[in-house]
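Trainee: See query-v2.pdb below, with PDB, C-alpha atoms and all ligand atoms.
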```pdb
ATOM      1  CA  MET A   1       0.000   0.000   0.000  1.00  0.00           C
ATOM      2  CA  LYS A   2       2.811   2.356   0.984  1.00  0.00           C
ATOM      3  CA  LYS A   3       4.606   1.545  -2.278  1.00  0.00           C
ATOM      4  CA  LEU A   4       1.438   2.232  -4.264  1.00  0.00           C
ATOM      5  CA  LEU A   5       0.969   5.584  -2.500  1.00  0.00           C
ATOM      6  CA  THR A   6       4.600   6.529  -3.155  1.00  0.00           C
ATOM      7  CA  PHE A   7       4.144   5.638  -6.828  1.00  0.00           C
ATOM      8  CA  ILE A   8       0.960   7.743  -7.133  1.00  0.00           C
ATOM      9  CA  VAL A   9       2.506  10.763  -5.376  1.00  0.00           C
ATOM     10  CA  SER A  10       5.748  10.615  -7.371  1.00  0.00           C
ATOM     11  CA  SER A  11       3.828  10.186 -10.651  1.00  0.00           C
ATOM     12  CA  ALA A  12       1.667  13.198  -9.836  1.00  0.00           C
ATOM     13  CA  LEU A  13       4.795  15.202  -8.967  1.00  0.00           C
ATOM     14  CA  ALA A  14       6.504  14.184 -12.192  1.00  0.00           C
ATOM     15  CA  LEU A  15       3.455  15.169 -14.260  1.00  0.00           C
ATOM     16  CA  SER A  16       3.163  18.541 -12.524  1.00  0.00           C
ATOM     17  CA  LEU A  17       6.857  19.203 -13.204  1.00  0.00           C
ATOM     18  CA  VAL A  18       6.325  18.429 -16.890  1.00  0.00           C
ATOM     19  CA  ALA A  19       3.362  20.805 -16.900  1.00  0.00           C
ATOM     20  CA  CYS A  20       5.354  23.648 -15.269  1.00  0.00           C
ATOM     21  CA  SER A  21       8.426  23.287 -17.433  1.00  0.00           C
ATOM     22  CA  SER A  22       6.337  23.274 -20.593  1.00  0.00           C
ATOM     23  CA  GLN A  23       4.409  26.377 -19.579  1.00  0.00           C
ATOM     24  CA  SER A  24       5.183  29.291 -21.783  1.00  0.00           C
ATOM     25  CA  THR A  25       6.688  32.288 -20.033  1.00  0.00           C
ATOM     26  CA  VAL A  26       3.752  34.245 -21.377  1.00  0.00           C
ATOM     27  CA  GLU A  27       0.339  33.986 -19.816  1.00  0.00           C
ATOM     28  CA  GLU A  28      -0.686  30.517 -20.948  1.00  0.00           C
ATOM     29  CA  SER A  29      -1.023  28.077 -23.784  1.00  0.00           C
ATOM     30  CA  VAL A  30      -4.545  26.895 -24.310  1.00  0.00           C
ATOM     31  CA  THR A  31      -3.495  23.921 -26.366  1.00  0.00           C
ATOM     32  CA  ALA A  32      -0.744  22.981 -23.954  1.00  0.00           C
ATOM     33  CA  ALA A  33      -3.386  22.842 -21.206  1.00  0.00           C
ATOM     34  CA  ALA A  34      -5.441  20.508 -23.378  1.00  0.00           C
ATOM     35  CA  ALA A  35      -2.342  18.371 -23.938  1.00  0.00           C
ATOM     36  CA  GLU A  36      -1.776  18.185 -20.162  1.00  0.00           C
ATOM     37  CA  THR A  37      -5.246  16.761 -19.709  1.00  0.00           C
ATOM     38  CA  GLU A  38      -4.512  14.145 -22.334  1.00  0.00           C
ATOM     39  CA  ILE A  39      -1.296  13.178 -20.597  1.00  0.00           C
ATOM     40  CA  SER A  40      -2.961  12.444 -17.284  1.00  0.00           C
ATOM     41  CA  ALA A  41      -5.670  10.439 -19.029  1.00  0.00           C
ATOM     42  CA  ASP A  42      -3.439   8.493 -21.390  1.00  0.00           C
ATOM     43  CA  THR A  43      -1.325   5.480 -20.635  1.00  0.00           C
ATOM     44  CA  ASN A  44       1.220   6.213 -23.377  1.00  0.00           C
ATOM     45  CA  ALA A  45       2.617   9.214 -21.504  1.00  0.00           C
ATOM     46  CA  SER A  46       5.940   9.508 -23.335  1.00  0.00           C
ATOM     47  CA  GLU A  47       4.218   9.939 -26.727  1.00  0.00           C
ATOM     48  CA  GLU A  48       1.936  12.637 -25.305  1.00  0.00           C
ATOM     49  CA  ILE A  49       4.832  14.464 -23.657  1.00  0.00           C
ATOM     50  CA  THR A  50       6.569  14.643 -27.041  1.00  0.00           C
ATOM     51  CA  ALA A  51       3.426  16.158 -28.568  1.00  0.00           C
ATOM     52  CA  GLN A  52       3.195  18.634 -25.711  1.00  0.00           C
ATOM     53  CA  GLU A  53       6.800  19.709 -26.157  1.00  0.00           C
ATOM     54  CA  GLU A  54       6.146  20.342 -29.836  1.00  0.00           C
ATOM     55  CA  ILE A  55       3.138  22.489 -28.962  1.00  0.00           C
ATOM     56  CA  SER A  56       4.976  24.529 -26.333  1.00  0.00           C
ATOM     57  CA  GLU A  57       7.712  25.202 -28.882  1.00  0.00           C
ATOM     58  CA  GLY A  58       5.048  26.658 -31.213  1.00  0.00           C
ATOM     59  CA  SER A  59       6.024  29.879 -32.866  1.00  0.00           C
ATOM     60  CA  VAL A  60       2.650  31.596 -32.795  1.00  0.00           C
ATOM     61  CA  LEU A  61       1.601  34.166 -30.223  1.00  0.00           C
ATOM     62  CA  VAL A  62      -1.778  35.792 -29.697  1.00  0.00           C
ATOM     63  CA  ALA A  63      -1.313  39.145 -27.963  1.00  0.00           C
ATOM     64  CA  TYR A  64      -4.456  41.014 -27.067  1.00  0.00           C
ATOM     65  CA  PHE A  65      -5.878  43.903 -25.113  1.00  0.00           C
ATOM     66  CA  SER A  66      -9.449  43.596 -23.895  1.00  0.00           C
ATOM     67  CA  TRP A  67     -11.366  45.771 -21.458  1.00  0.00           C
ATOM     68  CA  SER A  68     -14.761  44.045 -21.376  1.00  0.00           C
ATOM     69  CA  GLY A  69     -13.912  40.565 -22.683  1.00  0.00           C
ATOM     70  CA  ASN A  70     -14.978  40.610 -26.353  1.00  0.00           C
ATOM     71  CA  THR A  71     -11.497  40.710 -27.836  1.00  0.00           C
ATOM     72  CA  GLU A  72     -10.342  38.166 -25.278  1.00  0.00           C
ATOM     73  CA  GLN A  73     -13.066  35.835 -26.546  1.00  0.00           C
ATOM     74  CA  MET A  74     -11.666  36.101 -30.071  1.00  0.00           C
ATOM     75  CA  ALA A  75      -8.100  35.731 -28.787  1.00  0.00           C
ATOM     76  CA  ARG A  76      -8.931  32.464 -27.045  1.00  0.00           C
ATOM     77  CA  ILE A  77     -10.581  31.044 -30.134  1.00  0.00           C
ATOM     78  CA  ILE A  78      -7.562  31.941 -32.275  1.00  0.00           C
ATOM     79  CA  ALA A  79      -5.183  30.391 -29.718  1.00  0.00           C
ATOM     80  CA  GLY A  80      -7.303  27.257 -29.575  1.00  0.00           C
ATOM     81  CA  GLU A  81      -7.345  26.947 -33.362  1.00  0.00           C
ATOM     82  CA  THR A  82      -3.641  27.603 -33.912  1.00  0.00           C
ATOM     83  CA  GLY A  83      -2.025  26.168 -30.764  1.00  0.00           C
ATOM     84  CA  ALA A  84      -0.655  29.632 -30.032  1.00  0.00           C
ATOM     85  CA  ASP A  85       0.416  31.058 -26.694  1.00  0.00           C
ATOM     86  CA  LEU A  86      -1.678  33.856 -25.233  1.00  0.00           C
ATOM     87  CA  PHE A  87      -0.344  37.142 -23.931  1.00  0.00           C
ATOM     88  CA  GLU A  88      -2.621  39.777 -22.455  1.00  0.00           C
ATOM     89  CA  ILE A  89      -1.534  43.378 -22.894  1.00  0.00           C
ATOM     90  CA  VAL A  90      -2.210  44.869 -19.456  1.00  0.00           C
ATOM     91  CA  PRO A  91      -1.500  48.484 -18.547  1.00  0.00           C
ATOM     92  CA  ALA A  92       0.536  48.916 -15.345  1.00  0.00           C
ATOM     93  CA  THR A  93      -2.195  51.256 -14.111  1.00  0.00           C
ATOM     94  CA  PRO A  94      -5.503  49.499 -14.723  1.00  0.00           C
ATOM     95  CA  TYR A  95      -8.273  51.353 -16.524  1.00  0.00           C
ATOM     96  CA  THR A  96     -11.365  52.355 -14.628  1.00  0.00           C
ATOM     97  CA  ASP A  97     -14.335  49.956 -14.559  1.00  0.00           C
ATOM     98  CA  ASP A  98     -16.648  52.863 -15.301  1.00  0.00           C
ATOM     99  CA  TYR A  99     -17.594  52.929 -19.003  1.00  0.00           C
ATOM    100  CA  ASP A 100     -18.401  56.641 -19.186  1.00  0.00           C
ATOM    101  CA  GLU A 101     -15.194  57.571 -17.410  1.00  0.00           C
ATOM    102  CA  LEU A 102     -13.267  55.263 -19.732  1.00  0.00           C
ATOM    103  CA  LEU A 103     -14.673  57.002 -22.802  1.00  0.00           C
ATOM    104  CA  ASP A 104     -13.141  60.272 -21.617  1.00  0.00           C
ATOM    105  CA  ILE A 105      -9.848  58.700 -20.543  1.00  0.00           C
ATOM    106  CA  ALA A 106      -9.426  56.868 -23.845  1.00  0.00           C
ATOM    107  CA  GLN A 107     -10.204  59.976 -25.834  1.00  0.00           C
ATOM    108  CA  GLN A 108      -7.711  62.027 -23.826  1.00  0.00           C
ATOM    109  CA  GLU A 109      -5.002  59.355 -24.228  1.00  0.00           C
ATOM    110  CA  GLN A 110      -5.484  59.482 -27.969  1.00  0.00           C
ATOM    111  CA  ALA A 111      -5.357  63.254 -28.059  1.00  0.00           C
ATOM    112  CA  ASP A 112      -2.093  63.132 -26.067  1.00  0.00           C
ATOM    113  CA  ASN A 113      -0.747  60.170 -28.073  1.00  0.00           C
ATOM    114  CA  THR A 114       0.051  58.534 -24.721  1.00  0.00           C
ATOM    115  CA  ARG A 115       2.025  55.312 -24.347  1.00  0.00           C
ATOM    116  CA  PRO A 116       0.736  53.799 -21.073  1.00  0.00           C
ATOM    117  CA  GLU A 117       3.290  51.650 -19.280  1.00  0.00           C
ATOM    118  CA  LEU A 118       2.557  47.915 -19.389  1.00  0.00           C
ATOM    119  CA  SER A 119       2.577  45.484 -16.469  1.00  0.00           C
ATOM    120  CA  ALA A 120       4.483  42.745 -18.345  1.00  0.00           C
ATOM    121  CA  HIS A 121       6.394  42.009 -21.519  1.00  0.00           C
ATOM    122  CA  VAL A 122       6.728  38.914 -23.676  1.00  0.00           C
ATOM    123  CA  GLU A 123       9.846  37.211 -22.332  1.00  0.00           C
ATOM    124  CA  ASN A 124      10.542  34.752 -25.143  1.00  0.00           C
ATOM    125  CA  TRP A 125       9.743  37.128 -27.984  1.00  0.00           C
ATOM    126  CA  ASP A 126      12.435  35.737 -30.292  1.00  0.00           C
ATOM    127  CA  SER A 127      10.745  32.345 -30.370  1.00  0.00           C
ATOM    128  CA  TYR A 128       7.656  33.702 -32.171  1.00  0.00           C
ATOM    129  CA  ASP A 129       7.439  34.095 -35.954  1.00  0.00           C
ATOM    130  CA  THR A 130       3.764  34.938 -36.205  1.00  0.00           C
ATOM    131  CA  VAL A 131       1.966  37.260 -33.823  1.00  0.00           C
ATOM    132  CA  PHE A 132      -1.771  37.923 -33.812  1.00  0.00           C
ATOM    133  CA  VAL A 133      -2.501  41.297 -32.230  1.00  0.00           C
ATOM    134  CA  GLY A 134      -6.051  41.960 -31.046  1.00  0.00           C
ATOM    135  CA  TYR A 135      -7.749  45.002 -29.589  1.00  0.00           C
ATOM    136  CA  PRO A 136     -11.122  46.719 -29.379  1.00  0.00           C
ATOM    137  CA  ASN A 137     -11.939  49.784 -31.413  1.00  0.00           C
ATOM    138  CA  TRP A 138     -11.620  52.778 -29.101  1.00  0.00           C
ATOM    139  CA  TRP A 139     -12.673  55.992 -30.761  1.00  0.00           C
ATOM    140  CA  SER A 140     -11.893  54.522 -34.207  1.00  0.00           C
ATOM    141  CA  ASN A 141      -8.381  53.613 -33.138  1.00  0.00           C
ATOM    142  CA  ALA A 142      -6.553  51.018 -31.043  1.00  0.00           C
ATOM    143  CA  PRO A 143      -6.197  51.637 -27.290  1.00  0.00           C
ATOM    144  CA  MET A 144      -2.886  53.401 -26.701  1.00  0.00           C
ATOM    145  CA  ALA A 145      -1.569  50.462 -24.641  1.00  0.00           C
ATOM    146  CA  VAL A 146      -1.518  48.440 -27.869  1.00  0.00           C
ATOM    147  CA  TYR A 147       0.915  50.953 -29.360  1.00  0.00           C
ATOM    148  CA  THR A 148       3.100  50.668 -26.248  1.00  0.00           C
ATOM    149  CA  PHE A 149       3.172  46.923 -26.822  1.00  0.00           C
ATOM    150  CA  LEU A 150       3.949  47.177 -30.537  1.00  0.00           C
ATOM    151  CA  GLU A 151       6.720  49.707 -30.037  1.00  0.00           C
ATOM    152  CA  SER A 152       8.361  47.654 -27.280  1.00  0.00           C
ATOM    153  CA  CYS A 153       8.920  44.693 -29.641  1.00  0.00           C
ATOM    154  CA  ASP A 154      11.345  44.068 -32.474  1.00  0.00           C
ATOM    155  CA  TRP A 155       9.162  43.175 -35.464  1.00  0.00           C
ATOM    156  CA  THR A 156      11.940  42.432 -37.915  1.00  0.00           C
ATOM    157  CA  GLY A 157      11.085  39.242 -39.782  1.00  0.00           C
ATOM    158  CA  LYS A 158       7.777  38.731 -37.896  1.00  0.00           C
ATOM    159  CA  THR A 159       4.334  38.329 -39.368  1.00  0.00           C
ATOM    160  CA  LEU A 160       1.645  40.416 -37.673  1.00  0.00           C
ATOM    161  CA  ILE A 161      -2.025  39.541 -38.044  1.00  0.00           C
ATOM    162  CA  PRO A 162      -4.463  42.046 -36.540  1.00  0.00           C
ATOM    163  CA  PHE A 163      -7.894  41.235 -35.143  1.00  0.00           C
ATOM    164  CA  ASN A 164     -10.469  43.483 -33.619  1.00  0.00           C
ATOM    165  CA  THR A 165     -13.880  43.812 -32.013  1.00  0.00           C
ATOM    166  CA  SER A 166     -16.097  46.868 -32.081  1.00  0.00           C
ATOM    167  CA  ALA A 167     -19.643  48.142 -31.832  1.00  0.00           C
ATOM    168  CA  GLY A 168     -19.576  48.547 -35.611  1.00  0.00           C
ATOM    169  CA  GLY A 169     -16.551  50.593 -36.572  1.00  0.00           C
ATOM    170  CA  GLY A 170     -14.227  47.650 -37.254  1.00  0.00           C
ATOM    171  CA  PHE A 171     -10.535  48.497 -37.380  1.00  0.00           C
ATOM    172  CA  GLY A 172     -11.416  52.173 -37.793  1.00  0.00           C
ATOM    173  CA  ARG A 173      -8.223  54.002 -38.664  1.00  0.00           C
ATOM    174  CA  SER A 174      -6.028  51.756 -36.487  1.00  0.00           C
ATOM    175  CA  LEU A 175      -4.349  49.720 -39.220  1.00  0.00           C
ATOM    176  CA  SER A 176      -2.108  52.509 -40.448  1.00  0.00           C
ATOM    177  CA  GLY A 177      -1.030  53.168 -36.849  1.00  0.00           C
ATOM    178  CA  ILE A 178      -0.357  49.467 -36.295  1.00  0.00           C
ATOM    179  CA  GLU A 179       1.752  49.293 -39.436  1.00  0.00           C
ATOM    180  CA  GLU A 180       3.747  52.328 -38.370  1.00  0.00           C
ATOM    181  CA  SER A 181       4.342  51.085 -34.805  1.00  0.00           C
ATOM    182  CA  ALA A 182       5.298  47.543 -35.839  1.00  0.00           C
ATOM    183  CA  GLU A 183       8.068  48.561 -38.186  1.00  0.00           C
ATOM    184  CA  GLY A 184       9.552  45.616 -40.077  1.00  0.00           C
ATOM    185  CA  ALA A 185       6.537  43.341 -39.690  1.00  0.00           C
ATOM    186  CA  GLU A 186       4.728  41.772 -42.602  1.00  0.00           C
ATOM    187  CA  LEU A 187       1.023  42.496 -42.106  1.00  0.00           C
ATOM    188  CA  LEU A 188      -1.504  39.851 -43.135  1.00  0.00           C
ATOM    189  CA  GLU A 189      -5.249  40.297 -43.599  1.00  0.00           C
ATOM    190  CA  GLY A 190      -6.964  40.791 -40.265  1.00  0.00           C
ATOM    191  CA  LEU A 191     -10.430  39.976 -38.974  1.00  0.00           C
ATOM    192  CA  ALA A 192     -12.760  42.499 -37.358  1.00  0.00           C
ATOM    193  CA  LEU A 193     -15.981  41.320 -35.708  1.00  0.00           C
ATOM    194  CA  THR A 194     -18.754  43.484 -34.346  1.00  0.00           C
ATOM    195  CA  GLU A 195     -20.308  42.725 -30.960  1.00  0.00           C
ATOM    196  CA  SER A 196     -23.310  41.099 -32.667  1.00  0.00           C
ATOM    197  CA  GLU A 197     -21.077  38.975 -34.902  1.00  0.00           C
ATOM    198  CA  LEU A 198     -19.350  37.503 -31.840  1.00  0.00           C
ATOM    199  CA  THR A 199     -22.106  34.908 -31.468  1.00  0.00           C
ATOM    200  CA  ASP A 200     -20.669  33.357 -34.632  1.00  0.00           C
ATOM    201  CA  ALA A 201     -17.060  34.035 -33.645  1.00  0.00           C
ATOM    202  CA  GLN A 202     -15.912  30.413 -33.721  1.00  0.00           C
ATOM    203  CA  ASN A 203     -17.012  29.931 -37.356  1.00  0.00           C
ATOM    204  CA  ARG A 204     -15.811  33.318 -38.490  1.00  0.00           C
ATOM    205  CA  VAL A 205     -12.376  32.803 -36.944  1.00  0.00           C
ATOM    206  CA  THR A 206     -12.064  29.264 -38.305  1.00  0.00           C
ATOM    207  CA  GLU A 207     -12.873  30.401 -41.851  1.00  0.00           C
ATOM    208  CA  TRP A 208     -10.456  33.305 -41.635  1.00  0.00           C
ATOM    209  CA  LEU A 209      -7.621  31.127 -40.311  1.00  0.00           C
ATOM    210  CA  LYS A 210      -8.251  28.572 -43.033  1.00  0.00           C
ATOM    211  CA  GLY A 211      -7.915  31.349 -45.593  1.00  0.00           C
ATOM    212  CA  LEU A 212      -4.591  32.324 -44.060  1.00  0.00           C
ATOM    213  CA  GLY A 213      -3.492  28.668 -43.947  1.00  0.00           C
ATOM    214  CA  LEU A 214      -2.949  28.925 -40.212  1.00  0.00           C
ATOM    215  CA  SER A 215      -5.319  26.434 -38.576  1.00  0.00           C
ATOM    216  CA  LEU A 216      -3.887  23.377 -36.833  1.00  0.00           C
TER
HETATM  217  C1  LIG B   1     -13.471  53.791 -24.667  1.00  0.00           C
HETATM  218  C2  LIG B   1     -14.271  53.096 -25.716  1.00  0.00           C
HETATM  219  C3  LIG B   1     -14.393  53.643 -26.975  1.00  0.00           C
HETATM  220  C4  LIG B   1     -15.089  52.955 -27.973  1.00  0.00           C
HETATM  221  N1  LIG B   1     -15.149  53.501 -29.220  1.00  0.00           N
HETATM  222  C5  LIG B   1     -15.761  52.819 -30.214  1.00  0.00           C
HETATM  223  C6  LIG B   1     -15.793  53.344 -31.544  1.00  0.00           C
HETATM  224  O1  LIG B   1     -15.294  54.434 -31.835  1.00  0.00           O
HETATM  225  N2  LIG B   1     -16.401  52.607 -32.504  1.00  0.00           N
HETATM  226  C7  LIG B   1     -16.953  51.379 -32.248  1.00  0.00           C
HETATM  227  O2  LIG B   1     -17.458  50.750 -33.169  1.00  0.00           O
HETATM  228  N3  LIG B   1     -16.926  50.848 -30.984  1.00  0.00           N
HETATM  229  C8  LIG B   1     -16.348  51.537 -29.964  1.00  0.00           C
HETATM  230  N4  LIG B   1     -16.327  51.025 -28.694  1.00  0.00           N
HETATM  231  C9  LIG B   1     -16.952  49.702 -28.443  1.00  0.00           C
HETATM  232  C10 LIG B   1     -15.901  48.588 -28.370  1.00  0.00           C
HETATM  233  O3  LIG B   1     -15.021  48.628 -29.476  1.00  0.00           O
HETATM  234  C11 LIG B   1     -16.534  47.207 -28.328  1.00  0.00           C
HETATM  235  O4  LIG B   1     -17.467  47.123 -27.283  1.00  0.00           O
HETATM  236  C12 LIG B   1     -15.484  46.120 -28.201  1.00  0.00           C
HETATM  237  O5  LIG B   1     -16.037  44.882 -28.590  1.00  0.00           O
HETATM  238  C13 LIG B   1     -14.979  45.987 -26.770  1.00  0.00           C
HETATM  239  O6  LIG B   1     -13.960  45.034 -26.744  1.00  0.00           O
HETATM  240  P1  LIG B   1     -13.413  44.429 -25.379  1.00  0.00           P
HETATM  241  O7  LIG B   1     -14.586  43.729 -24.704  1.00  0.00           O
HETATM  242  O8  LIG B   1     -12.369  43.462 -25.791  1.00  0.00           O
HETATM  243  O9  LIG B   1     -12.882  45.544 -24.554  1.00  0.00           O
HETATM  244  C14 LIG B   1     -15.682  51.706 -27.677  1.00  0.00           C
HETATM  245  C15 LIG B   1     -15.602  51.192 -26.388  1.00  0.00           C
HETATM  246  C16 LIG B   1     -14.910  51.868 -25.421  1.00  0.00           C
HETATM  247  C17 LIG B   1     -14.817  51.290 -24.041  1.00  0.00           C
END
```
Represent the structure from my file as structure tokens, please.
Mentor:
Amino acid sequence: MKKLLTFIVSSALALSLVACSSQSTVEESVTAAAAETEISADTNASEEITAQEEISEGSVLVAYFSWSGNTEQMARIIAGETGADLFEIVPATPYTDDYDELLDIAQQEQADNTRPELSAHVENWDSYDTVFVGYPNWWSNAPMAVYTFLESCDWTGKTLIPFNTSAGGGFGRSLSGIEESAEGAELLEGLALTESELTDAQNRVTEWLKGLGLSL
């Protein structure tokens, strides 16, 4: 009995170590989490671990800013469909929860062309070739924190694919700003969904990724 307990505890420890070491240094990898589940359920653990390692070495990142969750919803679908890592762009000083106040703050930040400081940076940036960048439309532009993110990265040789959610304005005039701030990146065709289109987000994202040749 004691031997059995020791075996169970050491197996659990070994699996949790595998899970930790495979975790991306960015926020999380949706697909890696799915692979972890498979590992604990499957008897052929070594095969699964190999698959997991391949996934965690994936060269696709989904970086997104989201205030009320819509863009995050899209980001998670994209990560799930491509096996990408997720990175949330979070300002060091969080935005207010008050919508009306936020409207004024966002407008003022745009007028001042502010670059709000971010709470974290992508640590293993060099390992990514393709980076999806998502954000909501704020006053027909991207939130200024997205520009801070873009300008803090070296885009040489990277492919940038924008995505966006809005009440109806789509990318607005953000794409020219994105192109300017991500100097050196190759920009591919993005996807903008309105709030009402989000109910069909899974299908819309899948079709778009297929068109780009980027689904798993
Ligand atoms: C400060 C602010 C400004 C906005 N400006 C616009 C706009 O100019 N045009 C538009 O279509 N939607 C605008 N919206 C609506 C958002 O783009 C939309 O709700 C988006 O899906 C929110 O994404 P999120 O949940 O990821 O934050 C604005 C929202 C906020 C909070």
Trainee: For the structure shown, which residues end up in the PyMOL selection byres (((not hetatm)) within 9 of (chain B and resi 1))? Put them as a ChimeraX atom specification, please?
Mentor: /A:64-74,99-107,134-143,164-172,193-195,198
Trainee: In Å, rounded to a single decimal, give me how far CA of Pro162 (chain A) is from CA of Trp208 (chain A).
Mentor: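 Interatomic distance, CA of Trp208 (chain A) to CA of Pro162 (chain A): 11.8 Å.
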Trainee: For this file, the PyMOL selection byres (((chain A and resi 216) around 9) and not hetatm) selects which residues, as a list of chain:residue names?
Mentor: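 Against this file, the PyMOL selection byres (((chain A and resi 216) around 9) and not hetatm) returns the residues A:Gly80, A:Glu81, A:Thr82, A:Gly83, A:Gly213, A:Leu214, A:Ser215.
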Trainee: Give as a list in words each residue that has an atom at most 10 Å from (-10.2, 33.4, -39.0) in the file, counting all atoms listed in the file.
Mentor: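 In the file's frame, the residues around the point are Met74, Ile77, Ile78, Glu81, Phe163, Glu189, Gly190, Leu191, Ala192, Ala201, Gln202, Asn203, Arg204, Val205, Thr206, Glu207, Trp208, Leu209, Lys210, Gly211, Leu212, Gly213, Leu214 and Ser215 of chain A.
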Trainee: What does the distance between CA of Met144 (chain A) and CA of Ser59 (chain A) come to in Å, to one decimal place?
Mentor: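 These atoms are spaced 25.9 Å apart.
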Trainee: Write out as a VMD selection string the residues lying within 12 Å of region 149-152 of chain A, counting only C-alpha atoms and excluding same-chain residues fewer than 5 positions away.
Mentor: chain A and resid 63 to 65 87 to 92 115 to 123 125 131 to 135 142 to 144 158 160 162 177 to 185
Trainee: Can those selected residues be exported to a file as a compact mmCIF listing (two decimals), in the frame of the given file so that it contains C-alpha atoms?
Mentor:
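Below is the file that was written, out_9.txt:
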```txt
# COMPACT_ATOMS: atom_id res chain seq x y z
CA ALA A 63 -1.31 39.15 -27.96
CA TYR A 64 -4.46 41.01 -27.07
CA PHE A 65 -5.88 43.90 -25.11
CA PHE A 87 -0.34 37.14 -23.93
CA GLU A 88 -2.62 39.78 -22.46
CA ILE A 89 -1.53 43.38 -22.89
CA VAL A 90 -2.21 44.87 -19.46
CA PRO A 91 -1.50 48.48 -18.55
CA ALA A 92 0.54 48.92 -15.34
CA ARG A 115 2.02 55.31 -24.35
CA PRO A 116 0.74 53.80 -21.07
CA GLU A 117 3.29 51.65 -19.28
CA LEU A 118 2.56 47.92 -19.39
CA SER A 119 2.58 45.48 -16.47
CA ALA A 120 4.48 42.74 -18.34
CA HIS A 121 6.39 42.01 -21.52
CA VAL A 122 6.73 38.91 -23.68
CA GLU A 123 9.85 37.21 -22.33
CA TRP A 125 9.74 37.13 -27.98
CA VAL A 131 1.97 37.26 -33.82
CA PHE A 132 -1.77 37.92 -33.81
CA VAL A 133 -2.50 41.30 -32.23
CA GLY A 134 -6.05 41.96 -31.05
CA TYR A 135 -7.75 45.00 -29.59
CA ALA A 142 -6.55 51.02 -31.04
CA PRO A 143 -6.20 51.64 -27.29
CA MET A 144 -2.89 53.40 -26.70
CA LYS A 158 7.78 38.73 -37.90
CA LEU A 160 1.64 40.42 -37.67
CA PRO A 162 -4.46 42.05 -36.54
CA GLY A 177 -1.03 53.17 -36.85
CA ILE A 178 -0.36 49.47 -36.30
CA GLU A 179 1.75 49.29 -39.44
CA GLU A 180 3.75 52.33 -38.37
CA SER A 181 4.34 51.08 -34.80
CA ALA A 182 5.30 47.54 -35.84
CA GLU A 183 8.07 48.56 -38.19
CA GLY A 184 9.55 45.62 -40.08
CA ALA A 185 6.54 43.34 -39.69
```
Trainee: Please determine, counting all atoms listed in the file, which residue among A:Ile161, A:Ala75, A:Leu175, A:Leu86 has the shortest atom-to-atom distance to Thr130 (chain A).
Mentor: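 Using all atoms listed in the file, the shortest distance to Thr130 (chain A) belongs to A:Ile161.
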Trainee: May I ask for the distance between CA of Val60 (chain A) and CA of Asp126 (chain A), given in Å to one decimal place?
Mentor: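 We find that CA of Val60 (chain A) and CA of Asp126 (chain A) lie 10.9 Å from each other.
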Trainee: Point out the residue among A:Ser196, A:Asn124, A:Thr96, A:Thr114 with the least atom-to-atom distance to Asp154 (chain A), counting all atoms listed in the file.
Mentor: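 The closest residue to Asp154 (chain A) is A:Asn124.
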